[in-house]
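Peer 1: File run-v9.tsv follows (TSV, C-alpha atoms):
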```tsv
chain	number	residue	atom	x	y	z
A	1	MET	CA	9.22	20.18	13.67
A	2	SER	CA	10.28	21.09	17.19
A	3	PRO	CA	9.36	24.45	18.75
A	4	PHE	CA	13.03	25.49	18.77
A	5	VAL	CA	13.38	24.81	15.05
A	6	ARG	CA	10.22	26.84	14.33
A	7	TRP	CA	11.52	29.71	16.51
A	8	ALA	CA	15.02	29.56	15.03
A	9	THR	CA	13.85	29.51	11.44
A	10	GLY	CA	11.30	32.24	12.06
A	11	PRO	CA	11.90	35.69	13.51
A	12	LEU	CA	15.49	35.17	14.68
A	13	VAL	CA	16.81	34.13	11.26
A	14	GLY	CA	14.77	36.88	9.61
A	15	ARG	CA	16.26	39.54	11.87
A	16	LEU	CA	19.78	38.18	11.44
A	17	ARG	CA	19.35	38.16	7.66
A	18	MET	CA	18.09	41.74	7.69
A	19	ALA	CA	21.01	42.89	9.87
A	20	LEU	CA	23.60	41.04	7.77
A	21	THR	CA	22.05	42.39	4.57
A	22	ALA	CA	22.11	45.96	5.89
A	23	ILE	CA	25.76	45.65	6.96
A	24	SER	CA	26.74	44.05	3.64
A	25	VAL	CA	24.97	46.72	1.59
A	26	ALA	CA	26.51	49.52	3.69
A	27	LEU	CA	30.01	48.08	3.24
A	28	LEU	CA	29.51	47.57	-0.50
A	29	ALA	CA	28.14	51.08	-0.97
A	30	GLY	CA	30.92	52.53	1.16
A	31	TYR	CA	33.79	51.02	-0.74
A	32	PHE	CA	32.07	51.65	-4.07
A	33	VAL	CA	31.88	55.37	-3.25
A	34	LEU	CA	35.44	55.34	-1.96
A	35	VAL	CA	36.77	53.75	-5.16
A	36	LEU	CA	34.90	56.35	-7.24
A	37	LEU	CA	36.38	59.12	-5.09
A	38	GLN	CA	39.82	57.63	-5.51
A	39	VAL	CA	39.43	57.63	-9.31
A	40	PHE	CA	38.12	61.20	-9.24
A	41	PHE	CA	40.99	62.42	-7.06
A	42	ARG	CA	43.61	60.64	-9.13
A	43	TYR	CA	42.46	61.54	-12.65
A	44	VAL	CA	40.63	64.84	-12.16
A	45	LEU	CA	42.40	66.52	-9.25
A	46	ASN	CA	45.75	64.81	-9.89
A	47	GLU	CA	45.94	63.91	-6.19
A	48	SER	CA	45.73	60.61	-4.41
A	49	LEU	CA	43.77	59.26	-1.50
A	50	PHE	CA	46.73	57.25	-0.28
A	51	TRP	CA	44.75	55.48	2.43
A	52	ALA	CA	41.73	54.49	0.31
A	53	GLU	CA	43.13	51.29	-1.19
A	54	GLU	CA	44.05	49.85	2.19
A	55	PHE	CA	40.65	50.78	3.60
A	56	VAL	CA	38.80	49.24	0.64
A	57	ARG	CA	40.76	45.97	0.95
A	58	GLY	CA	39.82	45.69	4.61
A	59	ALA	CA	36.20	46.60	3.92
A	60	MET	CA	36.02	44.00	1.14
A	61	LEU	CA	37.27	41.29	3.49
A	62	TRP	CA	34.66	42.32	6.07
A	63	GLY	CA	31.98	42.45	3.36
A	64	VAL	CA	32.75	38.94	2.12
A	65	MET	CA	32.95	37.44	5.59
A	66	ILE	CA	29.71	39.09	6.73
A	67	SER	CA	27.86	38.13	3.54
A	68	VAL	CA	28.89	34.48	3.73
A	69	GLY	CA	26.33	34.03	6.52
A	70	LEU	CA	23.58	35.09	4.13
A	71	VAL	CA	24.78	32.57	1.59
A	72	ALA	CA	24.77	29.82	4.21
A	73	ALA	CA	21.28	30.70	5.41
A	74	SER	CA	19.83	30.46	1.92
A	75	ARG	CA	21.94	27.37	1.00
A	76	THR	CA	23.28	29.04	-2.13
A	77	HIS	CA	26.92	28.00	-1.76
A	78	ILE	CA	28.30	26.45	-4.90
A	79	ARG	CA	27.82	22.71	-4.69
A	80	ILE	CA	27.51	19.66	-6.87
A	81	GLU	CA	23.98	18.29	-6.53
A	82	ILE	CA	24.12	15.22	-8.77
A	83	LEU	CA	24.43	12.73	-5.91
A	84	GLU	CA	21.74	14.56	-3.96
A	85	LEU	CA	19.33	14.43	-6.89
A	86	MET	CA	19.93	10.74	-7.62
A	87	LEU	CA	19.11	9.56	-4.09
A	88	PRO	CA	15.72	8.88	-2.54
A	89	PRO	CA	14.47	11.46	0.02
A	90	GLY	CA	16.04	9.67	3.01
A	91	GLY	CA	19.40	9.52	1.28
A	92	ARG	CA	19.14	13.17	0.30
A	93	ARG	CA	18.53	14.16	3.91
A	94	TYR	CA	21.61	12.17	4.93
A	95	VAL	CA	23.83	13.75	2.25
A	96	VAL	CA	22.63	17.28	3.10
A	97	ALA	CA	23.16	16.67	6.84
A	98	LEU	CA	26.65	15.27	6.15
A	99	ALA	CA	27.51	18.26	3.95
A	100	ASP	CA	26.27	20.66	6.62
A	101	ALA	CA	28.27	18.84	9.31
A	102	LEU	CA	31.43	18.97	7.19
A	103	THR	CA	30.79	22.66	6.49
A	104	VAL	CA	30.46	23.41	10.21
A	105	ALA	CA	33.66	21.43	10.93
A	106	PHE	CA	35.53	23.42	8.27
A	107	LEU	CA	34.15	26.70	9.61
A	108	LEU	CA	35.19	25.87	13.18
A	109	THR	CA	38.69	25.15	11.86
A	110	LEU	CA	38.66	28.45	9.95
A	111	MET	CA	37.47	30.26	13.06
A	112	TRP	CA	40.30	28.76	15.11
A	113	ALA	CA	42.90	29.67	12.47
A	114	GLY	CA	41.42	33.18	12.22
A	115	ILE	CA	41.70	33.65	15.98
A	116	GLU	CA	45.35	32.56	15.84
A	117	PHE	CA	45.95	34.99	12.96
A	118	VAL	CA	44.36	37.83	14.92
A	119	ASP	CA	46.57	36.94	17.87
A	120	ARG	CA	49.69	37.08	15.67
A	121	THR	CA	48.78	40.52	14.31
A	122	TRP	CA	47.60	42.00	17.62
A	123	PHE	CA	50.51	44.44	17.95
A	124	GLN	CA	50.98	45.28	14.25
A	125	GLN	CA	49.79	48.56	12.76
A	126	SER	CA	48.66	49.05	9.19
A	127	PRO	CA	51.16	51.26	7.36
A	128	LEU	CA	48.76	53.90	6.00
A	129	LEU	CA	45.71	53.91	8.23
A	130	GLU	CA	47.75	53.29	11.39
A	131	VAL	CA	45.04	51.11	12.89
A	132	PRO	CA	45.74	47.71	14.43
A	133	LYS	CA	45.90	45.03	11.74
A	134	TYR	CA	43.80	42.69	13.83
A	135	THR	CA	40.77	44.91	13.13
A	136	VAL	CA	40.91	43.76	9.52
A	137	TYR	CA	41.71	40.11	10.22
A	138	LEU	CA	39.04	39.85	12.91
A	139	ALA	CA	36.62	39.49	9.99
A	140	ILE	CA	37.77	35.89	9.46
A	141	PRO	CA	36.72	34.37	12.80
A	142	ILE	CA	33.64	36.59	13.05
A	143	GLY	CA	32.50	35.68	9.54
A	144	ALA	CA	33.10	31.98	10.20
A	145	ALA	CA	31.12	32.21	13.44
A	146	ILE	CA	28.25	33.97	11.67
A	147	GLU	CA	28.18	31.25	9.01
A	148	VAL	CA	28.20	28.51	11.67
A	149	VAL	CA	25.28	30.16	13.45
A	150	MET	CA	23.29	30.65	10.24
A	151	THR	CA	24.02	27.08	9.10
A	152	LEU	CA	22.87	25.65	12.43
A	153	LEU	CA	19.78	27.87	12.62
A	154	THR	CA	18.67	26.89	9.12
A	155	TRP	CA	19.78	23.24	9.30
A	156	GLN	CA	16.24	21.82	9.11
A	157	GLN	CA	14.75	24.66	7.09
A	158	HIS	CA	16.11	23.48	3.74
A	159	ASP	CA	15.11	19.85	3.75
A	160	SER	CA	16.37	18.41	0.48
A	161	SER	CA	13.56	15.85	0.34
A	162	ASP	CA	11.36	18.66	-0.98
A	163	ILE	CA	13.55	18.91	-4.08
A	164	ALA	CA	11.99	17.12	-7.01
A	165	SER	CA	14.35	14.62	-8.60
A	166	ASP	CA	15.65	15.60	-12.00
A	167	ARG	CA	14.32	12.86	-14.28
A	168	THR	CA	16.86	13.71	-16.99
A	169	LEU	CA	19.74	12.19	-14.99
```
Produce C-alpha cells that represent the structure in this file.

Peer 2:
Amino acid sequence: MSPFVRWATGPLVGRLRMALTAISVALLAGYFVLVLLQVFFRYVLNESLFWAEEFVRGAMLWGVMISVGLVAASRTHIRIEILELMLPPGGRRYVVALADALTVAFLLTLMWAGIEFVDRTWFQQSPLLEVPKYTVYLAIPIGAAIEVVMTLLTWQQHDSSDIASDRTL
C-alpha cells in the first residue's frame, strides 16, 4: 500500500466522514424539528408556517446529497454482488475497480448536469423564501463532487478480495 493510500484512508477520510456526518445529522434534526413545528402550528394554533415546506424540501435535497458521500466511503450503495462473489480474488478486484470507475464516470456526468442546472436557475427566486433557487440546486454538483472524492479516497480501502466467497452459490 502506497504512502498516499495510507494517508488518504487514514485521518483525512476520518475527518471528512465526521464532518459529513455532523452536517447530515444537523440537517436531519433541523428539518425534523421544522416539520414538527409545522404540524403544531397547523393543528394546534390553526396557523401555517407557509415557508416551512419549501425549506424542508431544499434541506432534504442537501441532506441526501451530503450523505451520499458517507455511503460511498463505506461502500454501502445498493449493488448486486453475485458476480463479485463467484469470481476469484483477482476477478473481484477487477469487477470492484470497474464498478468504481463507472460510478465516478456517472458522478462526473451528474456534476456537469448539476452545474448546468445551477446556471439555468441562477436568476430565479424561490416563491416563498425569496432566496435564489440555485442555492437549493447547488446540492447536486456539490454532493456528486463529495461522492467522487470519497470514492477515490477509499478506492483501495475496500478490497473485495477480503470478502469470503459464499459457498452456497

Peer 1: List as a PyMOL selection string the protein and nucleic acid residues near A:Thr103, meaning an atom at most 12 Å away when all atoms listed in the file are counted, but skip any in the same chain fewer than 2 places from it.

Peer 2: chain A and resi 72+75+77+79+96-101+105-110+144-145+147-152+155

Peer 1: Please report the interatomic distance between atom CA of A:Leu37 and atom CA of A:Glu54 in Å with one decimal.

Peer 2: 14.1 Å

Peer 1: May I have the residues within 9 Å of A:Ile115 as a PDB file with C-alpha atoms, in the frame of the given file, using only C-alpha atoms and disregarding those fewer than 5 positions away in the same chain?

Peer 2:
```
ATOM      1  CA  LEU A 110      38.660  28.450   9.950  1.00  0.00           C
ATOM      2  CA  ARG A 120      49.690  37.080  15.670  1.00  0.00           C
ATOM      3  CA  TYR A 137      41.710  40.110  10.220  1.00  0.00           C
ATOM      4  CA  LEU A 138      39.040  39.850  12.910  1.00  0.00           C
ATOM      5  CA  ILE A 140      37.770  35.890   9.460  1.00  0.00           C
ATOM      6  CA  PRO A 141      36.720  34.370  12.800  1.00  0.00           C
TER       7      PRO A 141
END
```

Peer 1: Quick one, how far is atom CA of A:Gly69 from atom CA of A:Ile146?

Peer 2: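 Between atom CA of A:Gly69 and atom CA of A:Ile146 the gap works out to 5.5 Å.
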
Peer 1: Measuring atom to atom with all atoms listed in the file, identify which of A:Gly30, A:Pro132, A:Gly143, A:Pro127 is nearest to A:Trp51.

Peer 2: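 Using all atoms listed in the file, the shortest distance to A:Trp51 belongs to A:Pro127.
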
Peer 1: Give me the residues near A:Phe32 as a list in words, where near means some atom within 12 Å (using all atoms listed in the file) and where sequence neighbours in that chain fewer than 4 positions away do not count.

Peer 2: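 My reading of the contact set: Val25, Ala26, Leu27, Leu28, Leu36, Leu37, Gln38, Val39, Ala52, Glu53, Phe55, Val56, Arg57, Ala59, Met60 and Gly63 of chain A.
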
Peer 1: Work out how far apart atom CA of A:Trp122 and atom CA of A:Met65 are and give it in Å to one decimal.

Peer 2: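 Separating atom CA of A:Trp122 from atom CA of A:Met65 is a distance of 19.5 Å.
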
Peer 1: Looking at only C-alpha atoms, which of A:Gly114, A:Leu70, A:Arg42, A:Gly91 is the one that sits closest to A:Val13?

Peer 2: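 Using only C-alpha atoms, A:Val13 sits closest to A:Leu70.
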
Peer 1: Can you tell me, as JSON, numbers by chain, which residues sit within 6 Å of (24.6, 41.1, 0.8) in the file's frame, using all atoms listed in the file?

Peer 2: {"A": [21, 24, 25, 67]}

Peer 1: Missing atoms in stretch 93-115 of chain A should be modelled up to N, CA and C atoms and reported as a PDB file, in the coordinates of the input.

Peer 2:
```pdb
ATOM      1  N   ARG A  93      18.426  13.544   2.585  1.00  0.00           N
ATOM      2  CA  ARG A  93      18.530  14.160   3.910  1.00  0.00           C
ATOM      3  C   ARG A  93      19.875  13.835   4.542  1.00  0.00           C
ATOM      4  N   TYR A  94      20.322  12.590   4.379  1.00  0.00           N
ATOM      5  CA  TYR A  94      21.610  12.170   4.930  1.00  0.00           C
ATOM      6  C   TYR A  94      22.762  12.936   4.280  1.00  0.00           C
ATOM      7  N   VAL A  95      22.752  13.051   2.965  1.00  0.00           N
ATOM      8  CA  VAL A  95      23.830  13.750   2.250  1.00  0.00           C
ATOM      9  C   VAL A  95      23.856  15.232   2.635  1.00  0.00           C
ATOM     10  N   VAL A  96      22.688  15.865   2.727  1.00  0.00           N
ATOM     11  CA  VAL A  96      22.630  17.280   3.100  1.00  0.00           C
ATOM     12  C   VAL A  96      23.123  17.465   4.529  1.00  0.00           C
ATOM     13  N   ALA A  97      22.712  16.568   5.446  1.00  0.00           N
ATOM     14  CA  ALA A  97      23.160  16.670   6.840  1.00  0.00           C
ATOM     15  C   ALA A  97      24.671  16.460   6.926  1.00  0.00           C
ATOM     16  N   LEU A  98      25.200  15.517   6.168  1.00  0.00           N
ATOM     17  CA  LEU A  98      26.650  15.270   6.150  1.00  0.00           C
ATOM     18  C   LEU A  98      27.388  16.496   5.604  1.00  0.00           C
ATOM     19  N   ALA A  99      26.877  17.069   4.523  1.00  0.00           N
ATOM     20  CA  ALA A  99      27.510  18.260   3.950  1.00  0.00           C
ATOM     21  C   ALA A  99      27.478  19.423   4.934  1.00  0.00           C
ATOM     22  N   ASP A 100      26.354  19.591   5.620  1.00  0.00           N
ATOM     23  CA  ASP A 100      26.270  20.660   6.620  1.00  0.00           C
ATOM     24  C   ASP A 100      27.234  20.416   7.777  1.00  0.00           C
ATOM     25  N   ALA A 101      27.345  19.165   8.215  1.00  0.00           N
ATOM     26  CA  ALA A 101      28.270  18.840   9.310  1.00  0.00           C
ATOM     27  C   ALA A 101      29.713  19.098   8.901  1.00  0.00           C
ATOM     28  N   LEU A 102      30.069  18.710   7.679  1.00  0.00           N
ATOM     29  CA  LEU A 102      31.430  18.970   7.190  1.00  0.00           C
ATOM     30  C   LEU A 102      31.683  20.473   7.044  1.00  0.00           C
ATOM     31  N   THR A 103      30.663  21.209   6.607  1.00  0.00           N
ATOM     32  CA  THR A 103      30.790  22.660   6.490  1.00  0.00           C
ATOM     33  C   THR A 103      31.034  23.284   7.857  1.00  0.00           C
ATOM     34  N   VAL A 104      30.280  22.863   8.853  1.00  0.00           N
ATOM     35  CA  VAL A 104      30.460  23.410  10.210  1.00  0.00           C
ATOM     36  C   VAL A 104      31.848  23.048  10.741  1.00  0.00           C
ATOM     37  N   ALA A 105      32.314  21.825  10.485  1.00  0.00           N
ATOM     38  CA  ALA A 105      33.660  21.430  10.930  1.00  0.00           C
ATOM     39  C   ALA A 105      34.723  22.305  10.268  1.00  0.00           C
ATOM     40  N   PHE A 106      34.582  22.546   8.962  1.00  0.00           N
ATOM     41  CA  PHE A 106      35.530  23.420   8.270  1.00  0.00           C
ATOM     42  C   PHE A 106      35.487  24.827   8.851  1.00  0.00           C
ATOM     43  N   LEU A 107      34.289  25.336   9.099  1.00  0.00           N
ATOM     44  CA  LEU A 107      34.150  26.700   9.610  1.00  0.00           C
ATOM     45  C   LEU A 107      34.735  26.844  11.013  1.00  0.00           C
ATOM     46  N   LEU A 108      34.580  25.823  11.845  1.00  0.00           N
ATOM     47  CA  LEU A 108      35.190  25.870  13.180  1.00  0.00           C
ATOM     48  C   LEU A 108      36.711  25.882  13.074  1.00  0.00           C
ATOM     49  N   THR A 109      37.247  25.133  12.104  1.00  0.00           N
ATOM     50  CA  THR A 109      38.690  25.150  11.860  1.00  0.00           C
ATOM     51  C   THR A 109      39.131  26.529  11.365  1.00  0.00           C
ATOM     52  N   LEU A 110      38.357  27.105  10.451  1.00  0.00           N
ATOM     53  CA  LEU A 110      38.660  28.450   9.950  1.00  0.00           C
ATOM     54  C   LEU A 110      38.586  29.471  11.072  1.00  0.00           C
ATOM     55  N   MET A 111      37.603  29.331  11.947  1.00  0.00           N
ATOM     56  CA  MET A 111      37.470  30.260  13.060  1.00  0.00           C
ATOM     57  C   MET A 111      38.692  30.167  13.977  1.00  0.00           C
ATOM     58  N   TRP A 112      39.122  28.953  14.264  1.00  0.00           N
ATOM     59  CA  TRP A 112      40.300  28.760  15.110  1.00  0.00           C
ATOM     60  C   TRP A 112      41.546  29.371  14.456  1.00  0.00           C
ATOM     61  N   ALA A 113      41.739  29.108  13.172  1.00  0.00           N
ATOM     62  CA  ALA A 113      42.900  29.670  12.470  1.00  0.00           C
ATOM     63  C   ALA A 113      42.809  31.189  12.416  1.00  0.00           C
ATOM     64  N   GLY A 114      41.599  31.728  12.232  1.00  0.00           N
ATOM     65  CA  GLY A 114      41.420  33.180  12.220  1.00  0.00           C
ATOM     66  C   GLY A 114      41.754  33.807  13.557  1.00  0.00           C
ATOM     67  N   ILE A 115      41.376  33.141  14.642  1.00  0.00           N
ATOM     68  CA  ILE A 115      41.700  33.650  15.980  1.00  0.00           C
ATOM     69  C   ILE A 115      43.216  33.655  16.188  1.00  0.00           C
TER      70      ILE A 115
END
```
